[in-house]
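Okay, structure first, notes after.
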Amino acid sequence: MALEMFRKEETLAMRKKLIGQSCRLFYSDDPVKIVRARGQYLYDENGKRYLDCISNVQHVGHCHPSITQAATTQMELLNANSRFLHDNIVQYAGRLAATLPDKLRVFYFVNSGSEANDLALRLAHQYTQHEDVIVLDHAYHGHLTSLIDISPYKFQKLTGQKEWVHVAPIPDTYRGIFREDHPNPAQAYADTVKDVIDKVHQKGRKVSAFFSESLPSVGGQILLPKGYSTKVAEYVRSAGGVFVADEVQTGFGRVGSHFWAFQLQGDDFSPDIVTMGKPMGNGHPLSCVATTAEIAGAFTANGVEYFNTFGGNPVSCAIGLAVLDVIEKEDLRGNSSRVGGHLLDRLRELQTKHPIIGDVRGVGLFVGLEMVTDKEQRTPATDAAAQVVRRLKEEYICVSTDGPWENIVKFKPPMCFSMEDADLVADRIHHILTDRNPMNERTCNTQPNRLSPNRVPVVMLHHADTKLIIT
């Protein structure tokens with residue numbers, strides 16, 4: 001039986017009445033009602049087609065027939081508790097293991113990136129028997145209480161920083177303390193983490209983990225300087241902690257050249273724990289934690305069984321296997337490199353024509369366009385970025401913004417994004433910026449939680465009784 005279809009106004013009214021208002025919509029002033037999708041395209045209730053530059057979750061494309069077929073075939077056969085022995089979970093774990101460094105050979109399947117990151121915290125605490133965690137400024141790792149505690153993007157707006165959480169500067173070579181003209185930004189930013197570790201030890205505390213996205217996303221589509229993670233891992237492990245790589249946003253070939261974004265740091269680098277999620281099930285709730293036998297052994301030794309009702313069920317694993325098949329068969333990593341490279345080239349061409357574009361950065365189909373009102377001062381153009389998002393919506397292109405000042409237009413589309421799509425986006429942005437040139441004169445009237453838009457501190461340590469900022 002077909003479900004009843006409401007008019008857009010009715011749906012919006014019912015949503016406002018029935019759904020918590022903190023669950024916000026894209027384009028909240030005039031939401032788009034999407035009723036179907038295919039590939040990189042969304043369709044509203046009137047049949048209007050939108051180019052989707054937002055949905056990194058639908059990794060291989062909306063409603064991919066191979067994924068829906070795998071799901072329905074397995075669902076018609078069996079979907080059971082993961083305590084029953086079944087082939088799918090071990091086949092899937094084996095396929096994932098083949099993409100990771102040799103030492104990462106133990107897997108725990110869960111249902112969301114937040115679940116995965118919460119479990120990673122538990123593994124780190126159990127293995128090290130330490131409590132304290134180091135994170136990057138403006139990081140976001142999930143919506144559970146434990147993850148809000150380690151997400152400056154969230155806790156700065158809520159209850160504040162816990163004494164066991166320590167914040168290091170984000171390694172942003174465009175806006176940060178060590179910029180593109182620094183001779184060795186990787187070492188310089190890694191040394192700020194060492195400074196944080198030293199401060200932790202001075203307080204008589206011990207580090208459990210350094211927790212970081214392999215490419216900070218909410219922080220502004222940041223590319224970590226090569227060698228940064230290797231050096232940070234050295235410092236953290238020397239302090240008795242472990243390195244956790246959050247690949248929830250960036251894994252499964254989005255960067256093109258590699259399957260995992262942490263691999264951009266070099267062949268000699270391997271995290272101790274890797275979390276994965278969003279693109280893993282192409283929209284189906286599926287996520288995972290990969291770790292070493294030693295860390296998993298310590299978790300087992302606590303004597304408490306870990307059980308997840310739905311994690312690793314036969315349907316989820318069938319979908320996960322199908323996603324891996326599509327990535328390989330359709331050469332989506334290659335497509336990400338080719339199309340992402342072309343999009344970067346087109347946006348950098350626009351950068352030479354429009355002073356409001358301060359920086360263009362990215363790798364594969366992980367791209368950010370940073371807008372500024374003054375190229376020398378790098379003043380965030382928050383209002384202008386929001387206007388570009390609204391104008392692109394009018395052109396039936398869906399994008400959004402990120403970063404501490406929401407001045408970075410981000411692109412993380414489905415991996416089937418095409419050259420023609422990239423050209424369309426670049427052409428429309430050029431038209432918008434040309435048409436709305438007065439935006440170049442707008443000033444930023446949105447500030448982040450506490451920092452100057454032009455510099456961030458070398459070390460930030462917030463505690464109940466102290467606040468130290470060294471610039």
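Letters A, B, ... mark the chains of the structure tokens in the order given; residue numbers begin at 1 per chain; ligand numbers begin at 1, in order shown.
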Review point. Just asking: which residues within range 90-255 of chain A are strand (DSSP E) according to DSSP, as a VMD selection string?
Key: chain A and resid 106 to 110 132 to 136 165 to 168 207 to 213 242 to 246
Point to revise | Surrounding residues of Val207 in chain A excluding itself and chain neighbours under 2 positions, 9 Å, only C-alpha atoms, as number ranges by chain | key: A: 128, 130-134, 164, 197, 200-201, 205, 209-210, 236, 239-242
Determine, for each residue of range 22-128 of chain A having at least one atom at most 8 Å from an atom of range 309-312 of chain A, the closest pair of atoms and their separation in Å to one decimal, counting only C-alpha atoms; order by chain and ascending number, as JSON lines.
{"residue": "A:Asn81", "atom": "CA", "partner": "A:Thr309", "partner_atom": "CA", "distance": 6.0}
{"residue": "A:Ser82", "atom": "CA", "partner": "A:Gly312", "partner_atom": "CA", "distance": 6.1}
{"residue": "A:Ile89", "atom": "CA", "partner": "A:Gly312", "partner_atom": "CA", "distance": 5.8}
{"residue": "A:Tyr108", "atom": "CA", "partner": "A:Gly311", "partner_atom": "CA", "distance": 7.9}
{"residue": "A:Phe109", "atom": "CA", "partner": "A:Gly311", "partner_atom": "CA", "distance": 4.8}
{"residue": "A:Val110", "atom": "CA", "partner": "A:Gly311", "partner_atom": "CA", "distance": 4.0}
{"residue": "A:Asn111", "atom": "CA", "partner": "A:Gly311", "partner_atom": "CA", "distance": 5.6}
**Study point:** Residues within 8 Å of range 337-353 of chain A, only C-alpha atoms, excluding chain neighbours under 5 positions, as a PyMOL selection string
**Key:** chain A and resi 255-257+358-367+369+417-419+422-423+426+430
Could you turn the residues from that selection into a file that holds all heavy atoms, as a CSV table (one decimal), in the first residue's frame?
chain,number,residue,atom,x,y,z
A,255,VAL,N,39.0,10.3,-0.9
A,255,VAL,CA,40.1,11.1,-1.3
A,255,VAL,C,40.7,10.7,-2.6
A,255,VAL,O,41.6,11.3,-3.2
A,255,VAL,CB,41.2,11.1,-0.2
A,255,VAL,CG1,40.7,11.6,1.1
A,255,VAL,CG2,41.8,9.7,0.0
A,256,GLY,N,40.2,9.6,-3.2
A,256,GLY,CA,40.7,9.1,-4.5
A,256,GLY,C,41.9,8.3,-4.5
A,256,GLY,O,41.9,7.1,-4.8
A,257,SER,N,43.0,8.9,-4.2
A,257,SER,CA,44.3,8.3,-4.3
A,257,SER,C,44.5,7.1,-3.3
A,257,SER,O,45.3,6.2,-3.5
A,257,SER,CB,45.5,9.3,-4.1
A,257,SER,OG,45.3,9.9,-2.8
A,358,GLY,N,39.1,33.2,-0.9
A,358,GLY,CA,40.4,33.3,-0.3
A,358,GLY,C,41.3,32.1,-0.5
A,358,GLY,O,42.5,32.1,-0.6
A,359,ASP,N,40.6,30.9,-0.4
A,359,ASP,CA,41.4,29.7,-0.5
A,359,ASP,C,40.5,28.6,-1.2
A,359,ASP,O,39.3,28.6,-0.9
A,359,ASP,CB,41.9,29.2,0.8
A,359,ASP,CG,42.9,28.1,0.8
A,359,ASP,OD1,43.7,28.1,-0.2
A,359,ASP,OD2,42.9,27.2,1.7
A,360,VAL,N,41.1,27.7,-1.9
A,360,VAL,CA,40.5,26.5,-2.5
A,360,VAL,C,41.4,25.4,-2.1
A,360,VAL,O,42.6,25.4,-2.3
A,360,VAL,CB,40.3,26.6,-4.0
A,360,VAL,CG1,39.8,25.3,-4.5
A,360,VAL,CG2,39.4,27.8,-4.4
A,361,ARG,N,40.8,24.4,-1.4
A,361,ARG,CA,41.6,23.2,-0.9
A,361,ARG,C,40.8,22.0,-1.0
A,361,ARG,O,39.6,22.0,-1.0
A,361,ARG,CB,42.1,23.5,0.5
A,361,ARG,CG,41.0,23.8,1.5
A,361,ARG,CD,41.6,24.1,2.9
A,361,ARG,NE,40.6,24.5,3.9
A,361,ARG,CZ,40.3,25.8,4.1
A,361,ARG,NH1,41.0,26.8,3.5
A,361,ARG,NH2,39.4,26.1,5.1
A,362,GLY,N,41.5,20.9,-1.0
A,362,GLY,CA,40.8,19.6,-1.0
A,362,GLY,C,41.6,18.5,-1.6
A,362,GLY,O,42.8,18.7,-2.1
A,363,VAL,N,41.1,17.3,-1.6
A,363,VAL,CA,41.7,16.1,-2.3
A,363,VAL,C,40.5,15.2,-2.6
A,363,VAL,O,39.6,15.0,-1.9
A,363,VAL,CB,42.7,15.4,-1.3
A,363,VAL,CG1,42.0,15.0,0.0
A,363,VAL,CG2,43.3,14.2,-2.0
A,364,GLY,N,40.5,14.7,-3.9
A,364,GLY,CA,39.4,13.9,-4.3
A,364,GLY,C,38.1,14.7,-4.3
A,364,GLY,O,38.1,15.9,-4.6
A,365,LEU,N,37.1,14.1,-3.8
A,365,LEU,CA,35.8,14.8,-3.7
A,365,LEU,C,35.5,15.2,-2.3
A,365,LEU,O,34.5,15.1,-1.7
A,365,LEU,CB,34.7,13.9,-4.2
A,365,LEU,CG,34.6,13.7,-5.7
A,365,LEU,CD1,33.7,12.7,-6.2
A,365,LEU,CD2,34.3,15.1,-6.4
A,366,PHE,N,36.6,15.8,-1.7
A,366,PHE,CA,36.5,16.4,-0.4
A,366,PHE,C,37.1,17.8,-0.6
A,366,PHE,O,38.3,18.0,-0.6
A,366,PHE,CB,37.3,15.6,0.7
A,366,PHE,CG,37.4,16.2,2.0
A,366,PHE,CD1,36.5,15.8,3.0
A,366,PHE,CD2,38.3,17.2,2.4
A,366,PHE,CE1,36.5,16.4,4.3
A,366,PHE,CE2,38.4,17.7,3.7
A,366,PHE,CZ,37.5,17.3,4.6
A,367,VAL,N,36.3,18.8,-0.8
A,367,VAL,CA,36.7,20.1,-1.3
A,367,VAL,C,36.1,21.2,-0.5
A,367,VAL,O,34.9,21.2,-0.2
A,367,VAL,CB,36.3,20.3,-2.8
A,367,VAL,CG1,36.7,21.7,-3.3
A,367,VAL,CG2,37.0,19.2,-3.7
A,369,LEU,N,35.8,25.6,-0.4
A,369,LEU,CA,36.1,27.0,-1.0
A,369,LEU,C,35.9,28.0,0.1
A,369,LEU,O,34.7,28.2,0.6
A,369,LEU,CB,35.1,27.2,-2.1
A,369,LEU,CG,35.2,28.5,-2.9
A,369,LEU,CD1,34.7,28.2,-4.4
A,369,LEU,CD2,34.3,29.6,-2.3
A,417,PHE,N,29.7,11.7,-8.9
A,417,PHE,CA,29.7,13.0,-9.4
A,417,PHE,C,30.5,13.1,-10.7
A,417,PHE,O,31.6,12.4,-10.8
A,417,PHE,CB,30.4,13.9,-8.3
A,417,PHE,CG,30.0,15.3,-8.3
A,417,PHE,CD1,28.7,15.7,-7.9
A,417,PHE,CD2,30.9,16.3,-8.6
A,417,PHE,CE1,28.3,17.0,-7.9
A,417,PHE,CE2,30.5,17.7,-8.5
A,417,PHE,CZ,29.2,18.0,-8.2
A,418,SER,N,30.1,13.8,-11.7
A,418,SER,CA,30.7,13.8,-13.0
A,418,SER,C,31.5,15.1,-13.3
A,418,SER,O,31.3,16.1,-12.6
A,418,SER,CB,29.6,13.6,-14.1
A,418,SER,OG,28.8,14.7,-14.2
A,419,MET,N,32.2,15.1,-14.4
A,419,MET,CA,32.9,16.2,-14.9
A,419,MET,C,31.9,17.3,-15.2
A,419,MET,O,32.1,18.5,-14.9
A,419,MET,CB,33.7,15.9,-16.1
A,419,MET,CG,34.9,15.0,-15.9
A,419,MET,SD,36.3,15.9,-15.1
A,419,MET,CE,37.6,14.7,-15.3
A,422,ALA,N,30.8,19.0,-12.1
A,422,ALA,CA,31.8,19.9,-11.6
A,422,ALA,C,31.8,21.2,-12.4
A,422,ALA,O,31.9,22.3,-11.8
A,422,ALA,CB,33.2,19.3,-11.7
A,423,ASP,N,31.6,21.1,-13.7
A,423,ASP,CA,31.6,22.3,-14.5
A,423,ASP,C,30.4,23.2,-14.2
A,423,ASP,O,30.4,24.4,-14.2
A,423,ASP,CB,31.6,21.9,-16.0
A,423,ASP,CG,33.0,21.5,-16.5
A,423,ASP,OD1,34.0,22.0,-15.9
A,423,ASP,OD2,33.1,20.7,-17.5
A,426,ALA,N,30.9,25.0,-10.9
A,426,ALA,CA,31.9,26.1,-11.1
A,426,ALA,C,31.3,27.3,-11.9
A,426,ALA,O,31.5,28.5,-11.6
A,426,ALA,CB,33.2,25.6,-11.7
A,430,HIS,N,30.6,31.1,-10.5
A,430,HIS,CA,31.2,32.3,-11.2
A,430,HIS,C,30.0,33.3,-11.5
A,430,HIS,O,30.2,34.5,-11.3
A,430,HIS,CB,31.8,31.8,-12.5
A,430,HIS,CG,32.3,32.9,-13.4
A,430,HIS,ND1,33.2,33.9,-12.9
A,430,HIS,CD2,32.0,33.2,-14.7
A,430,HIS,CE1,33.4,34.7,-13.9
A,430,HIS,NE2,32.8,34.3,-15.0
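You will find CA of Gly251 in chain A at 21.6 Å from CA of Lys231 in chain A.
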Study note, to complete from the structure: For His284 in chain A, the closest of A:Tyr92, A:Tyr127, A:Cys63, A:Arg24 counting only C-alpha atoms is A:Cys63
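On the backbone of this structure, DSSP gives helix (DSSP H, G or I) within range 198-235 of chain A to A:Asp198, A:Lys199, A:Val200, A:His201, A:Gln202, A:Tyr228, A:Ser229, A:Thr230, A:Lys231, A:Val232, A:Ala233, A:Glu234, A:Tyr235.
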Revision key, fill the gap. The residue from A:Thr250, A:Asn302, A:Gln202, A:Ser212 with the smallest atom-to-atom distance to Pro271 in chain A, counting only C-alpha atoms, is A:Ser212
